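Enquirer: Following this line is coords_28.cif, made up of mmCIF, C-alpha atoms:
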data_work
#
loop_
_atom_site.label_atom_id
_atom_site.label_comp_id
_atom_site.auth_asym_id
_atom_site.auth_seq_id
_atom_site.Cartn_x
_atom_site.Cartn_y
_atom_site.Cartn_z
CA MET Z 1147 7.33 22.13 -5.42
CA GLU Z 1148 7.52 22.45 -1.65
CA HIS Z 1149 9.52 19.75 0.08
CA ARG Z 1150 7.25 18.10 2.63
CA ARG Z 1151 8.66 16.43 5.70
CA ARG Z 1152 7.73 13.06 7.13
CA LEU Z 1153 6.18 12.49 10.55
CA ARG Z 1154 9.48 11.78 12.31
CA ASP Z 1155 10.99 14.94 10.86
CA LEU Z 1156 8.39 16.76 12.95
CA GLY Z 1157 9.63 15.13 16.14
CA ILE Z 1158 6.83 12.56 16.43
CA LYS Z 1159 7.75 8.92 16.96
CA ILE Z 1160 5.13 6.19 16.84
CA GLY Z 1161 5.63 3.03 18.87
CA ARG Z 1162 8.60 1.37 20.52
CA PHE Z 1163 10.24 -0.47 17.62
CA GLU Z 1164 13.02 1.12 15.57
CA THR Z 1165 12.60 1.78 11.86
CA GLY Z 1166 14.76 0.54 9.03
CA ASN Z 1167 17.33 2.80 7.40
CA LEU Z 1168 14.81 4.30 4.98
CA ASN Z 1169 11.72 3.86 7.17
CA SER Z 1170 10.18 2.30 4.09
CA ILE Z 1171 8.84 -0.99 2.76
CA THR Z 1172 11.96 -0.96 0.58
CA ASP Z 1173 14.06 -1.57 3.70
CA ILE Z 1174 13.18 -5.22 3.01
CA LYS Z 1175 15.98 -6.66 0.90
CA GLY Z 1176 14.93 -6.97 -2.73
CA VAL Z 1177 11.69 -5.01 -2.45
CA LYS Z 1178 11.30 -2.09 -4.86
CA VAL Z 1179 8.52 0.43 -5.55
CA GLY Z 1180 7.80 2.34 -8.74
CA HIS Z 1181 5.30 5.03 -9.73
CA LYS Z 1182 3.75 6.43 -12.87
CA THR Z 1183 2.19 9.82 -12.11
CA ILE Z 1184 -0.30 11.27 -14.61
CA ILE Z 1185 -1.13 14.99 -14.23
CA GLU Z 1186 -2.72 16.83 -17.14
CA ASP Z 1187 -5.19 19.68 -17.66
CA LEU Z 1188 -7.28 18.77 -20.71
CA HIS Z 1189 -8.71 21.18 -23.29
CA ASN Z 1190 -12.25 20.05 -22.46
CA GLY Z 1191 -11.88 21.34 -18.90
CA ASN Z 1192 -11.26 17.99 -17.26
CA PHE Z 1193 -8.34 17.40 -14.90
CA VAL Z 1194 -6.26 14.22 -14.87
CA ARG Z 1195 -4.84 13.54 -11.41
CA THR Z 1196 -4.09 9.84 -11.19
CA GLY Z 1197 -1.46 7.15 -11.71
CA VAL Z 1198 -0.11 3.71 -10.96
CA THR Z 1199 2.10 2.34 -8.18
CA ALA Z 1200 3.95 -1.00 -8.40
CA ILE Z 1201 5.38 -2.97 -5.47
CA LEU Z 1202 7.88 -5.66 -6.47
CA PRO Z 1203 8.53 -8.27 -3.73
CA HIS Z 1204 11.77 -9.11 -5.53
CA SER Z 1205 13.43 -8.04 -8.77
CA GLY Z 1206 13.58 -11.49 -10.30
CA ASN Z 1207 10.89 -13.35 -12.25
CA LEU Z 1208 7.90 -13.24 -9.90
CA PHE Z 1209 5.92 -15.77 -11.94
CA LYS Z 1210 8.72 -18.33 -11.88
CA GLU Z 1211 9.69 -17.57 -8.26
CA LYS Z 1212 6.60 -16.69 -6.28
CA VAL Z 1213 6.50 -15.35 -2.73
CA ILE Z 1214 4.27 -16.55 0.07
CA GLY Z 1215 1.33 -14.18 0.46
CA SER Z 1216 -2.02 -13.55 2.07
CA SER Z 1217 -4.88 -11.08 1.92
CA TYR Z 1218 -7.36 -9.78 4.44
CA VAL Z 1219 -10.54 -7.77 3.95
CA ILE Z 1220 -11.31 -5.21 6.65
CA ASN Z 1221 -14.32 -3.86 4.73
CA GLY Z 1222 -15.05 -5.21 1.28
CA PHE Z 1223 -16.41 -2.24 -0.68
CA GLY Z 1224 -13.55 -2.61 -3.18
CA LYS Z 1225 -12.58 -3.95 -6.59
CA THR Z 1226 -9.25 -5.64 -5.91
CA THR Z 1227 -8.27 -8.36 -8.38
CA GLY Z 1228 -6.22 -11.48 -7.68
CA ALA Z 1229 -7.11 -11.90 -4.01
CA ILE Z 1230 -9.12 -15.10 -4.55
CA GLN Z 1231 -6.13 -17.04 -5.83
CA ILE Z 1232 -3.90 -15.61 -3.08
CA GLU Z 1233 -6.39 -17.01 -0.58
CA GLU Z 1234 -6.51 -20.38 -2.30
CA LEU Z 1235 -2.81 -20.96 -2.99
CA GLY Z 1236 -1.06 -18.64 -0.54
CA VAL Z 1237 1.36 -17.20 -3.09
CA ILE Z 1238 1.83 -13.97 -5.04
CA GLU Z 1239 3.20 -14.26 -8.58
CA SER Z 1240 2.97 -10.71 -9.93
CA PRO Z 1241 3.95 -7.20 -8.90
CA ILE Z 1242 1.37 -5.78 -6.50
CA MET Z 1243 -0.25 -2.92 -8.42
CA LEU Z 1244 -2.28 0.05 -7.17
CA THR Z 1245 -4.38 2.53 -9.16
CA ASN Z 1246 -7.81 4.19 -9.28
CA THR Z 1247 -11.01 2.14 -9.30
CA LEU Z 1248 -11.92 2.39 -12.99
CA SER Z 1249 -8.34 1.76 -14.11
CA VAL Z 1250 -8.03 -1.73 -12.59
CA PRO Z 1251 -8.68 -3.42 -15.98
CA ALA Z 1252 -6.04 -1.33 -17.79
CA VAL Z 1253 -3.43 -1.92 -15.09
CA THR Z 1254 -4.27 -5.61 -15.05
CA GLU Z 1255 -3.72 -5.77 -18.82
CA GLY Z 1256 -0.44 -3.88 -18.63
CA THR Z 1257 0.87 -6.11 -15.85
CA ILE Z 1258 -0.17 -9.23 -17.78
CA ARG Z 1259 1.68 -7.93 -20.83
CA TYR Z 1260 4.78 -7.33 -18.70
CA LEU Z 1261 4.64 -10.89 -17.35
CA LEU Z 1262 3.94 -12.41 -20.78
CA GLU Z 1263 7.04 -10.66 -22.10
CA GLN Z 1264 9.05 -12.30 -19.32
CA ASN Z 1265 7.46 -15.72 -19.63
CA ASP Z 1266 6.68 -17.20 -23.05
CA ASP Z 1267 5.25 -20.31 -21.38
CA ILE Z 1268 2.25 -18.53 -19.76
CA GLY Z 1269 -0.94 -19.73 -21.44
CA MET Z 1270 0.99 -22.13 -23.66
CA VAL Z 1271 2.67 -24.97 -21.79
CA THR Z 1272 1.59 -23.81 -18.34
CA GLY Z 1273 -1.41 -22.02 -16.84
CA THR Z 1274 -2.24 -18.34 -16.88
CA VAL Z 1275 -1.06 -15.75 -14.35
CA ASN Z 1276 -2.77 -14.20 -11.33
CA VAL Z 1277 -2.26 -10.42 -11.31
CA VAL Z 1278 -2.89 -8.49 -8.10
CA VAL Z 1279 -4.32 -4.98 -8.51
CA GLY Z 1280 -5.75 -2.86 -5.69
CA GLU Z 1281 -7.62 0.42 -6.02
CA CYS Z 1282 -9.14 3.48 -4.41
CA ASN Z 1283 -11.58 6.01 -5.90
CA ASP Z 1284 -9.83 9.25 -6.86
CA GLY Z 1285 -12.86 10.72 -8.68
CA TYR Z 1286 -13.08 13.80 -6.45
CA LEU Z 1287 -9.84 15.22 -7.88
CA ASN Z 1288 -9.42 13.13 -11.05
CA ASP Z 1289 -11.44 12.75 -14.24
CA ILE Z 1290 -11.97 9.11 -13.36
CA ARG Z 1291 -14.55 8.57 -16.11
CA GLY Z 1292 -11.90 9.46 -18.69
CA MET Z 1293 -10.00 6.26 -17.85
CA HIS Z 1294 -6.69 7.95 -18.57
CA VAL Z 1295 -4.53 5.16 -17.14
CA ARG Z 1296 -3.45 2.86 -19.95
CA PRO Z 1297 -1.73 -0.56 -19.90
CA GLU Z 1298 1.63 0.98 -20.79
CA HIS Z 1299 1.48 3.13 -17.64
CA ALA Z 1300 1.45 -0.02 -15.52
CA ILE Z 1301 4.56 -1.26 -17.32
CA GLU Z 1302 6.25 2.13 -16.79
CA ALA Z 1303 5.52 1.96 -13.05
CA ILE Z 1304 7.02 -1.54 -12.85
CA MET Z 1305 10.10 -0.62 -14.85
CA SER Z 1306 10.75 2.49 -12.70
CA ALA Z 1307 10.77 0.53 -9.43
CA SER Z 1308 13.67 1.29 -7.08
CA LYS Z 1309 14.65 1.27 -3.42
CA ASP Z 1310 14.33 5.05 -3.20
CA MET Z 1311 10.57 5.42 -3.42
CA ALA Z 1312 8.56 8.65 -3.39
CA GLU Z 1313 5.52 9.37 -1.19
CA GLY Z 1314 2.50 11.64 -1.21
CA CYS Z 1315 1.01 12.82 -4.53
CA VAL Z 1316 2.71 10.23 -6.71
CA GLY Z 1317 1.58 7.21 -8.70
CA ALA Z 1318 -1.74 5.82 -7.51
CA GLY Z 1319 -1.76 8.43 -4.73
CA THR Z 1320 -1.88 11.43 -7.06
CA GLY Z 1321 -5.63 12.03 -6.76
CA MET Z 1322 -6.37 10.54 -3.33
CA SER Z 1323 -7.78 12.32 -0.27
CA CYS Z 1324 -7.35 11.33 3.38
CA LEU Z 1325 -8.98 12.58 6.59
CA GLY Z 1326 -10.15 15.78 4.90
CA TYR Z 1327 -6.74 16.62 3.46
CA LYS Z 1328 -4.60 15.47 0.55
CA GLY Z 1329 -3.63 11.83 0.95
CA GLY Z 1330 -1.78 9.35 -1.23
CA ILE Z 1331 1.20 7.03 -0.90
CA GLY Z 1332 2.94 6.55 2.45
CA THR Z 1333 5.37 4.01 3.86
CA SER Z 1334 7.10 2.99 7.08
CA SER Z 1335 9.10 0.06 8.46
CA ARG Z 1336 10.07 -1.63 11.71
CA VAL Z 1337 12.97 -3.93 12.61
CA THR Z 1338 13.56 -6.57 15.26
CA THR Z 1339 16.14 -9.23 16.08
CA VAL Z 1340 15.35 -12.92 16.49
CA ASP Z 1341 18.13 -15.33 17.49
CA GLY Z 1342 20.75 -12.79 16.46
CA VAL Z 1343 19.26 -12.18 13.01
CA ASN Z 1344 17.69 -8.85 12.01
CA TYR Z 1345 14.26 -8.90 10.36
CA THR Z 1346 12.24 -6.10 8.78
CA LEU Z 1347 8.53 -5.49 8.40
CA GLY Z 1348 7.49 -2.75 5.99
CA VAL Z 1349 4.17 -1.17 5.07
CA LEU Z 1350 2.99 0.85 2.07
CA VAL Z 1351 -0.45 2.47 2.05
CA LEU Z 1352 -2.66 4.15 -0.51
CA SER Z 1353 -4.75 6.41 1.75
CA ASN Z 1354 -8.13 7.69 0.59
CA TYR Z 1355 -10.59 7.73 3.50
CA GLY Z 1356 -12.12 9.78 6.28
CA LYS Z 1357 -13.05 13.35 7.16
CA LYS Z 1358 -11.39 16.03 9.28
CA GLU Z 1359 -13.56 15.27 12.29
CA ASP Z 1360 -12.31 11.65 12.23
CA ILE Z 1361 -8.66 12.61 12.85
CA LEU Z 1362 -7.01 11.20 15.95
CA MET Z 1363 -3.68 12.92 16.50
CA PRO Z 1364 -0.62 10.69 16.91
CA GLU Z 1365 0.70 10.22 20.45
CA SER Z 1366 -2.15 12.16 22.14
CA ASN Z 1367 -5.02 10.11 20.62
CA LYS Z 1368 -7.16 13.26 20.77
CA ARG Z 1369 -9.72 14.39 18.24
CA LEU Z 1370 -8.40 17.24 16.14
CA TYR Z 1371 -11.80 18.58 15.06
CA MET Z 1372 -15.18 18.22 16.75
CA GLU Z 1373 -17.50 19.85 14.21
CA PRO Z 1374 -18.50 17.70 11.22
CA GLU Z 1375 -17.31 18.97 7.84
CA ARG Z 1376 -19.53 19.17 4.79
CA SER Z 1377 -18.12 16.70 2.32
CA GLU Z 1378 -19.02 15.56 -1.20
CA LEU Z 1379 -16.68 12.60 -0.95
CA PRO Z 1380 -17.81 8.97 -0.68
CA ASP Z 1381 -16.70 6.97 2.35
CA GLY Z 1382 -13.32 6.26 0.76
CA SER Z 1383 -10.84 3.41 1.01
CA ILE Z 1384 -7.32 2.33 1.87
CA MET Z 1385 -4.99 -0.27 0.42
CA ILE Z 1386 -2.45 -1.59 2.92
CA ILE Z 1387 0.53 -3.62 1.69
CA ILE Z 1388 2.59 -5.40 4.36
CA GLY Z 1389 5.89 -7.04 3.49
CA THR Z 1390 8.53 -8.78 5.58
CA ASP Z 1391 11.69 -10.82 5.16
CA ALA Z 1392 10.78 -12.90 8.21
CA PRO Z 1393 9.89 -16.56 7.61
CA PHE Z 1394 6.11 -16.67 7.96
CA ASN Z 1395 3.67 -18.90 6.12
CA GLU Z 1396 0.44 -17.66 4.55
CA ARG Z 1397 -1.64 -18.36 7.65
CA GLN Z 1398 0.79 -16.43 9.84
CA LEU Z 1399 0.81 -13.57 7.33
CA LYS Z 1400 -2.97 -13.39 7.58
CA ARG Z 1401 -2.67 -13.10 11.35
CA ILE Z 1402 -0.26 -10.19 10.87
CA SER Z 1403 -2.62 -8.65 8.29
CA LYS Z 1404 -5.45 -8.76 10.80
CA ARG Z 1405 -3.49 -6.30 12.97
CA ALA Z 1406 -3.52 -3.62 10.24
CA PRO Z 1407 -6.98 -2.35 11.33
CA PHE Z 1408 -5.53 -1.42 14.72
CA GLY Z 1409 -3.05 0.94 13.08
CA LEU Z 1410 -5.76 2.25 10.76
CA SER Z 1411 -8.16 2.91 13.63
CA ARG Z 1412 -5.51 4.86 15.55
CA THR Z 1413 -5.70 7.54 12.85
CA GLY Z 1414 -9.48 7.82 13.23
CA SER Z 1415 -10.94 5.37 10.71
CA SER Z 1416 -13.92 3.21 11.59
CA ALA Z 1417 -14.05 1.46 8.17
CA ALA Z 1418 -17.28 3.04 6.96
CA HIS Z 1419 -19.96 1.18 4.99
CA GLY Z 1420 -18.65 2.32 1.60
CA SER Z 1421 -14.99 1.92 2.43
CA GLY Z 1422 -12.81 -0.62 0.65
CA ASP Z 1423 -10.14 -1.45 3.21
CA ILE Z 1424 -7.94 -4.27 1.91
CA VAL Z 1425 -4.66 -5.74 3.22
CA ILE Z 1426 -2.22 -7.71 1.06
CA SER Z 1427 0.82 -9.22 2.76
CA PHE Z 1428 3.87 -11.16 1.65
CA SER Z 1429 7.10 -12.67 2.90
CA THR Z 1430 10.33 -12.72 0.89
CA ALA Z 1431 11.97 -15.34 3.11
CA HIS Z 1432 11.17 -18.19 0.71
CA ARG Z 1433 10.56 -18.44 -3.02
CA ILE Z 1434 8.08 -20.93 -4.42
CA LYS Z 1435 9.22 -22.25 -7.79
CA HIS Z 1436 6.62 -22.45 -10.54
CA TYR Z 1437 8.34 -25.59 -11.77
CA PRO Z 1438 9.26 -27.59 -8.64
CA SER Z 1439 12.04 -30.14 -8.87
CA GLY Z 1440 10.14 -32.79 -6.95
CA ALA Z 1441 6.89 -33.72 -5.24
CA ARG Z 1442 7.94 -32.13 -1.95
CA GLN Z 1443 9.28 -28.78 -0.82
CA SER Z 1444 10.54 -27.93 2.64
CA PHE Z 1445 10.55 -24.54 4.37
CA SER Z 1446 11.01 -23.40 7.95
CA PHE Z 1447 8.82 -20.81 9.67
CA PHE Z 1448 8.77 -19.03 12.99
CA VAL Z 1449 6.96 -20.85 15.77
CA GLU Z 1450 3.95 -19.17 17.35
CA ASP Z 1451 4.81 -19.93 20.94
CA GLY Z 1452 6.38 -16.86 22.52
CA PRO Z 1453 6.87 -13.17 21.83
CA VAL Z 1454 8.18 -13.33 18.25
CA ILE Z 1455 4.90 -13.19 16.35
CA SER Z 1456 3.38 -10.84 18.92
CA ASN Z 1457 6.24 -8.43 18.23
CA PHE Z 1458 5.46 -8.59 14.51
CA PHE Z 1459 1.80 -7.87 15.29
CA GLU Z 1460 2.87 -4.74 17.15
CA MET Z 1461 5.32 -3.76 14.42
CA ALA Z 1462 2.54 -3.99 11.84
CA VAL Z 1463 0.25 -1.76 13.91
CA GLU Z 1464 2.97 0.85 14.34
CA ALA Z 1465 4.07 0.82 10.70
CA VAL Z 1466 0.51 1.07 9.34
CA GLU Z 1467 -0.25 4.09 11.51
CA GLU Z 1468 3.00 5.84 10.62
CA ALA Z 1469 2.69 5.04 6.90
CA ILE Z 1470 -0.73 6.71 6.87
CA TRP Z 1471 0.66 9.81 8.56
CA ASN Z 1472 3.56 9.88 6.11
CA SER Z 1473 1.06 9.76 3.23
CA LEU Z 1474 -0.53 12.90 4.68
CA CYS Z 1475 2.67 14.68 5.63
CA ARG Z 1476 4.34 14.16 2.24
CA ALA Z 1477 1.31 15.13 0.13
CA THR Z 1478 0.93 18.64 -1.31
CA THR Z 1479 -2.17 20.65 -2.19
CA ILE Z 1480 -3.88 19.48 -5.39
CA VAL Z 1481 -6.49 21.32 -7.47
CA GLY Z 1482 -8.42 18.91 -9.65
CA GLN Z 1483 -11.67 17.96 -11.33
CA ASN Z 1484 -14.59 20.43 -11.12
CA GLY Z 1485 -12.39 22.89 -9.26
CA HIS Z 1486 -12.15 20.57 -6.27
CA THR Z 1487 -9.17 21.17 -4.00
CA LYS Z 1488 -7.57 19.13 -1.26
CA GLU Z 1489 -5.13 21.04 0.90
CA GLN Z 1490 -1.91 19.61 2.24
CA PHE Z 1491 -1.98 18.67 5.91
CA PRO Z 1492 -1.01 21.69 8.06
CA TYR Z 1493 2.08 20.90 10.10
CA HIS Z 1494 1.26 23.50 12.75
CA LEU Z 1495 -1.54 21.24 14.03
CA PHE Z 1496 1.14 18.97 15.53
CA GLU Z 1497 2.40 21.78 17.76
#
Please express what this file holds, its structure, as structure tokens.
Expert:
Amino acid sequence: MEHRRRLRDLGIKIGRFETGNLNSITDIKGVKVGHKTIIEDLHNGNFVRTGVTAILPHSGNLFKEKVIGSSYVINGFGKTTGAIQIEELGVIESPIMLTNTLSVPAVTEGTIRYLLEQNDDIGMVTGTVNVVVGECNDGYLNDIRGMHVRPEHAIEAIMSASKDMAEGCVGAGTGMSCLGYKGGIGTSSRVTTVDGVNYTLGVLVLSNYGKKEDILMPESNKRLYMEPERSELPDGSIMIIIGTDAPFNERQLKRISKRAPFGLSRTGSSAAHGSGDIVISFSTAHRIKHYPSGARQSFSFFVEDGPVISNFFEMAVEAVEEAIWNSLCRATTIVGQNGHTKEQFPYHLFE
């Protein structure tokens, strides 16, 4: 398979903040990402082009040691599970899972089984568990009606998680399309220093939206195509996962999440009527124990008086935009269901 370069390998730098060592959400200490990619040509003529992606905020027991989290809906034409409890309690207690729309139940089941194996108290001496699963519709390239993702695939994605994550046509991104080309999984990160301490903000996207005439080129902000393309695709969606090791509470994380649309719009998206554009964010700075030792718990968070949080807003915008471009740059041409094809993004258009 052709080795595809990332945006910065092409000489294009987005924004003013530096990236982490890997330019990835896994630059955040403890964060890992795993994929299960499912590609199969069936005897009945159907094509399986799908998968599962798992984001682990830390490698410990996420149910017993939750992270502070938030969610934000840009446009709500989506089937994400778990967001209601995130909004109510401000914590995330499962891996953040991504897959295709009709596979959300299977991935939810698999993730529950993984957490039940870790925690024999769930549903017995304590409550149940809130599993977070996001989705996009890969039915243009994938036999989505076949529901080929099974619960065990979710567990495989979780168990394969590592710091060295893949991008493009992998995991949940296998069958996704973006801006008229092949989309999928992309990531990017930004770093800053506050009071002598380095902090990282990282983004992972599952890109599946837009048409060629929507494309705004990075740096120049110019339209790439002017003539509308004929497309059989629905409006499409994007899942945006934002993580950081900076000490923010759930309300502050929501403020950061609200900046994701700025990065999304810089690529050309206007969040169409049928687009499910969802942001899930988390901070690894503090862990919330499922069984607290007392009636009180104390944490410290950044103040919101000064440039610190504004810098994180800007970092989020930059990282979202670059993660989307990395999802395009790293993806390769895929032929799928009903003979549909999505070509890889042509590098020469950056010249």
Enquirer: Using the chain letters and residue numbers of this document, give as a PyMOL selection string the residues selected by the PyMOL selection byres ((chain Z and resi 1393) around 7).
Expert: chain Z and resi 1391-1392+1394-1395+1429+1431+1446-1448
Enquirer: Can you write out the residues you just picked, keeping C-alpha atoms, as a PDB file, keeping the file's coordinate frame?
Expert:
ATOM      1  CA  ASP Z1391      11.690 -10.820   5.160  1.00  0.00           C
ATOM      2  CA  ALA Z1392      10.780 -12.900   8.210  1.00  0.00           C
ATOM      3  CA  PHE Z1394       6.110 -16.670   7.960  1.00  0.00           C
ATOM      4  CA  ASN Z1395       3.670 -18.900   6.120  1.00  0.00           C
ATOM      5  CA  SER Z1429       7.100 -12.670   2.900  1.00  0.00           C
ATOM      6  CA  ALA Z1431      11.970 -15.340   3.110  1.00  0.00           C
ATOM      7  CA  SER Z1446      11.010 -23.400   7.950  1.00  0.00           C
ATOM      8  CA  PHE Z1447       8.820 -20.810   9.670  1.00  0.00           C
ATOM      9  CA  PHE Z1448       8.770 -19.030  12.990  1.00  0.00           C
TER      10      PHE Z1448
END
Enquirer: For the file shown, what are the residues hit by the PyMOL selection byres ((chain Z and resi 1358-1364) around 6), laid out as a ChimeraX atom specification?
Expert: /Z:1325-1326,1357,1365-1372,1374,1413-1414
Enquirer: Would you output that residue set with C-alpha atoms, as a short mmCIF file (atom, residue, chain, number, x, y, z; two decimals), keeping the file's coordinate frame?
Expert:
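Output below, filename out30.cif:
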data_model
loop_
_atom_site.label_atom_id
_atom_site.label_comp_id
_atom_site.auth_asym_id
_atom_site.auth_seq_id
_atom_site.Cartn_x
_atom_site.Cartn_y
_atom_site.Cartn_z
CA LEU Z 1325 -8.98 12.58 6.59
CA GLY Z 1326 -10.15 15.78 4.90
CA LYS Z 1357 -13.05 13.35 7.16
CA GLU Z 1365 0.70 10.22 20.45
CA SER Z 1366 -2.15 12.16 22.14
CA ASN Z 1367 -5.02 10.11 20.62
CA LYS Z 1368 -7.16 13.26 20.77
CA ARG Z 1369 -9.72 14.39 18.24
CA LEU Z 1370 -8.40 17.24 16.14
CA TYR Z 1371 -11.80 18.58 15.06
CA MET Z 1372 -15.18 18.22 16.75
CA PRO Z 1374 -18.50 17.70 11.22
CA THR Z 1413 -5.70 7.54 12.85
CA GLY Z 1414 -9.48 7.82 13.23
#
Enquirer: Looking at all atoms listed in the file, which of Z:Leu1350, Z:Leu1261, Z:Ala1465, Z:Ile1426 is the one that sits closest to Glu1396 of chain Z?
Expert: Z:Ile1426
Enquirer: Atom CA of Asn1265 of chain Z and atom CA of His1299 of chain Z are how many Å apart?
Expert: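 Going from atom CA of Asn1265 of chain Z over to atom CA of His1299 of chain Z, I get 19.9 Å.
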Enquirer: Give me, as a PyMOL selection string, all polymer residues having an atom no more than 12 Å from Pro1251 of chain Z, counting only C-alpha atoms and skipping those fewer than 5 positions away in the same chain.
Expert: chain Z and resi 1225-1228+1243-1246+1256-1258+1277-1281+1293-1297+1300
Enquirer: Could you jot down the atom CA of Gly1157 of chain Z to atom CA of Gly1382 of chain Z separation for me, Å, one decimal place?
Expert: 29.0 Å
Enquirer: Quote the spacing between atom CA of Ile1230 of chain Z and atom CA of Ser1335 of chain Z in Å to one decimal place.
Expert: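 A separation of 27.0 Å between them.
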Enquirer: Go through Z:Asn1169, Z:Ser1216, Z:Ser1473, Z:Ser1240 and flag the residue nearest Cys1324 of chain Z, using all atoms listed in the file for the distances.
Expert: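 For Cys1324 of chain Z, the nearest of the candidates is Z:Ser1473.
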Enquirer: Residues within 12 Å of (-4.7, -11.5, 10.7), file coordinates, counting all atoms listed in the file: what are they? Give the list as a VMD selection string.
Expert: chain Z and resid 1216 to 1220 1388 1396 to 1408 1424 to 1427 1455 to 1456 1458 to 1459 1462 to 1463
Enquirer: Considering only C-alpha atoms, can you say which of Z:His1494, Z:Arg1151, Z:Lys1328, Z:His1189 comes closest to Ile1480 of chain Z?
Expert: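 That would be Z:Lys1328, the residue with the smallest distance to Ile1480 of chain Z.
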Enquirer: Can you list, as number ranges by chain, the residues that the PyMOL selection byres ((chain Z and resi 1437) around 10) selects here?
Expert: Z: 1210-1211, 1272, 1434-1436, 1438-1440
Enquirer: List the spatial neighbours of Thr1172 of chain Z as a PyMOL selection string - criterion: any atom at most 8 Å away, all atoms listed in the file, same-chain residues fewer than 5 positions off excluded.
Expert: chain Z and resi 1177-1179+1309-1311+1348
Enquirer: With distances taken over all atoms listed in the file, which residue among Z:Ile1201, Z:Val1337, Z:Leu1188, Z:Leu1287 lies nearest Ser1306 of chain Z?
Expert: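 For Ser1306 of chain Z, the nearest of the given residues is Z:Ile1201.
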Enquirer: When distances are computed from only C-alpha atoms, which of Z:Gly1329, Z:Ile1171, Z:Thr1274, Z:Ser1334 shows the smallest separation from Glu1464 of chain Z?
Expert: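 Result for the nearest residue to Glu1464 of chain Z: Z:Ser1334.
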Enquirer: Between Z:Gly1321, Z:Gly1161, Z:Gly1330, Z:Pro1453, which has the minimum distance to Phe1491 of chain Z (counting only C-alpha atoms)?
Expert: Z:Gly1330
Enquirer: List every protein, DNA or RNA residue that has an atom no more than 9 Å from (14.6, -8.7, 9.1) in the file's coordinate frame, counting all atoms listed in the file, and report them as a list in words.
Expert: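 Protein and nucleic acid residues near the point are Asp1173, Ile1174, Lys1175, Arg1336, Val1337, Thr1338, Thr1339, Val1340, Val1343, Asn1344, Tyr1345, Thr1346, Leu1347, Thr1390, Asp1391 and Ala1392 of chain Z.
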Enquirer: With a distance cut-off of 8 Å and all atoms listed in the file, select the neighbouring residues of Ala1303 of chain Z, excluding the residue or stretch itself and same-chain residues fewer than 5 positions from it, and output the selection as a PDB file with C-alpha atoms, in the coordinates of the input.
Expert:
ATOM      1  CA  GLY Z1180       7.800   2.340  -8.740  1.00  0.00           C
ATOM      2  CA  HIS Z1181       5.300   5.030  -9.730  1.00  0.00           C
ATOM      3  CA  LYS Z1182       3.750   6.430 -12.870  1.00  0.00           C
ATOM      4  CA  VAL Z1198      -0.110   3.710 -10.960  1.00  0.00           C
ATOM      5  CA  THR Z1199       2.100   2.340  -8.180  1.00  0.00           C
ATOM      6  CA  ALA Z1200       3.950  -1.000  -8.400  1.00  0.00           C
ATOM      7  CA  GLY Z1317       1.580   7.210  -8.700  1.00  0.00           C
TER       8      GLY Z1317
END
Enquirer: Could you give me, as an MDAnalysis selection string, the residues within 6 Å of Thr1320 of chain Z, counting only C-alpha atoms and dropping anything in the same chain fewer than 3 positions from it?
Expert: chainID Z and resid 1195:1196 1315:1317
Enquirer: Using the atoms already present, construct N, CA and C atoms for segment 1211-1221 of chain Z and hand them back as an mmCIF file, keeping the file's coordinate frame.
Expert:
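Dumped to part-v9.cif:
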data_model
loop_
_atom_site.group_PDB
_atom_site.id
_atom_site.type_symbol
_atom_site.label_atom_id
_atom_site.label_comp_id
_atom_site.auth_asym_id
_atom_site.auth_seq_id
_atom_site.Cartn_x
_atom_site.Cartn_y
_atom_site.Cartn_z
ATOM 1 N N GLU Z 1211 9.312 -17.468 -9.674
ATOM 2 C CA GLU Z 1211 9.690 -17.570 -8.260
ATOM 3 C C GLU Z 1211 8.728 -16.737 -7.436
ATOM 4 N N LYS Z 1212 7.663 -17.361 -6.988
ATOM 5 C CA LYS Z 1212 6.600 -16.690 -6.280
ATOM 6 C C LYS Z 1212 6.987 -16.474 -4.819
ATOM 7 N N VAL Z 1213 6.296 -15.540 -4.157
ATOM 8 C CA VAL Z 1213 6.500 -15.350 -2.730
ATOM 9 C C VAL Z 1213 5.237 -15.780 -1.991
ATOM 10 N N ILE Z 1214 5.415 -16.181 -0.762
ATOM 11 C CA ILE Z 1214 4.270 -16.550 0.070
ATOM 12 C C ILE Z 1214 3.481 -15.280 0.383
ATOM 13 N N GLY Z 1215 2.155 -15.368 0.263
ATOM 14 C CA GLY Z 1215 1.330 -14.180 0.460
ATOM 15 C C GLY Z 1215 -0.017 -14.496 1.087
ATOM 16 N N SER Z 1216 -0.690 -13.429 1.491
ATOM 17 C CA SER Z 1216 -2.020 -13.550 2.070
ATOM 18 C C SER Z 1216 -2.767 -12.255 1.807
ATOM 19 N N SER Z 1217 -4.076 -12.292 2.015
ATOM 20 C CA SER Z 1217 -4.880 -11.080 1.920
ATOM 21 C C SER Z 1217 -5.916 -11.087 3.032
ATOM 22 N N TYR Z 1218 -6.377 -9.899 3.366
ATOM 23 C CA TYR Z 1218 -7.360 -9.780 4.440
ATOM 24 C C TYR Z 1218 -8.263 -8.593 4.134
ATOM 25 N N VAL Z 1219 -9.566 -8.814 4.229
ATOM 26 C CA VAL Z 1219 -10.540 -7.770 3.950
ATOM 27 C C VAL Z 1219 -11.048 -7.185 5.264
ATOM 28 N N ILE Z 1220 -10.763 -5.902 5.481
ATOM 29 C CA ILE Z 1220 -11.310 -5.210 6.650
ATOM 30 C C ILE Z 1220 -12.758 -4.822 6.357
ATOM 31 N N ASN Z 1221 -12.990 -4.130 5.247
ATOM 32 C CA ASN Z 1221 -14.320 -3.860 4.730
ATOM 33 C C ASN Z 1221 -14.261 -3.998 3.213
#
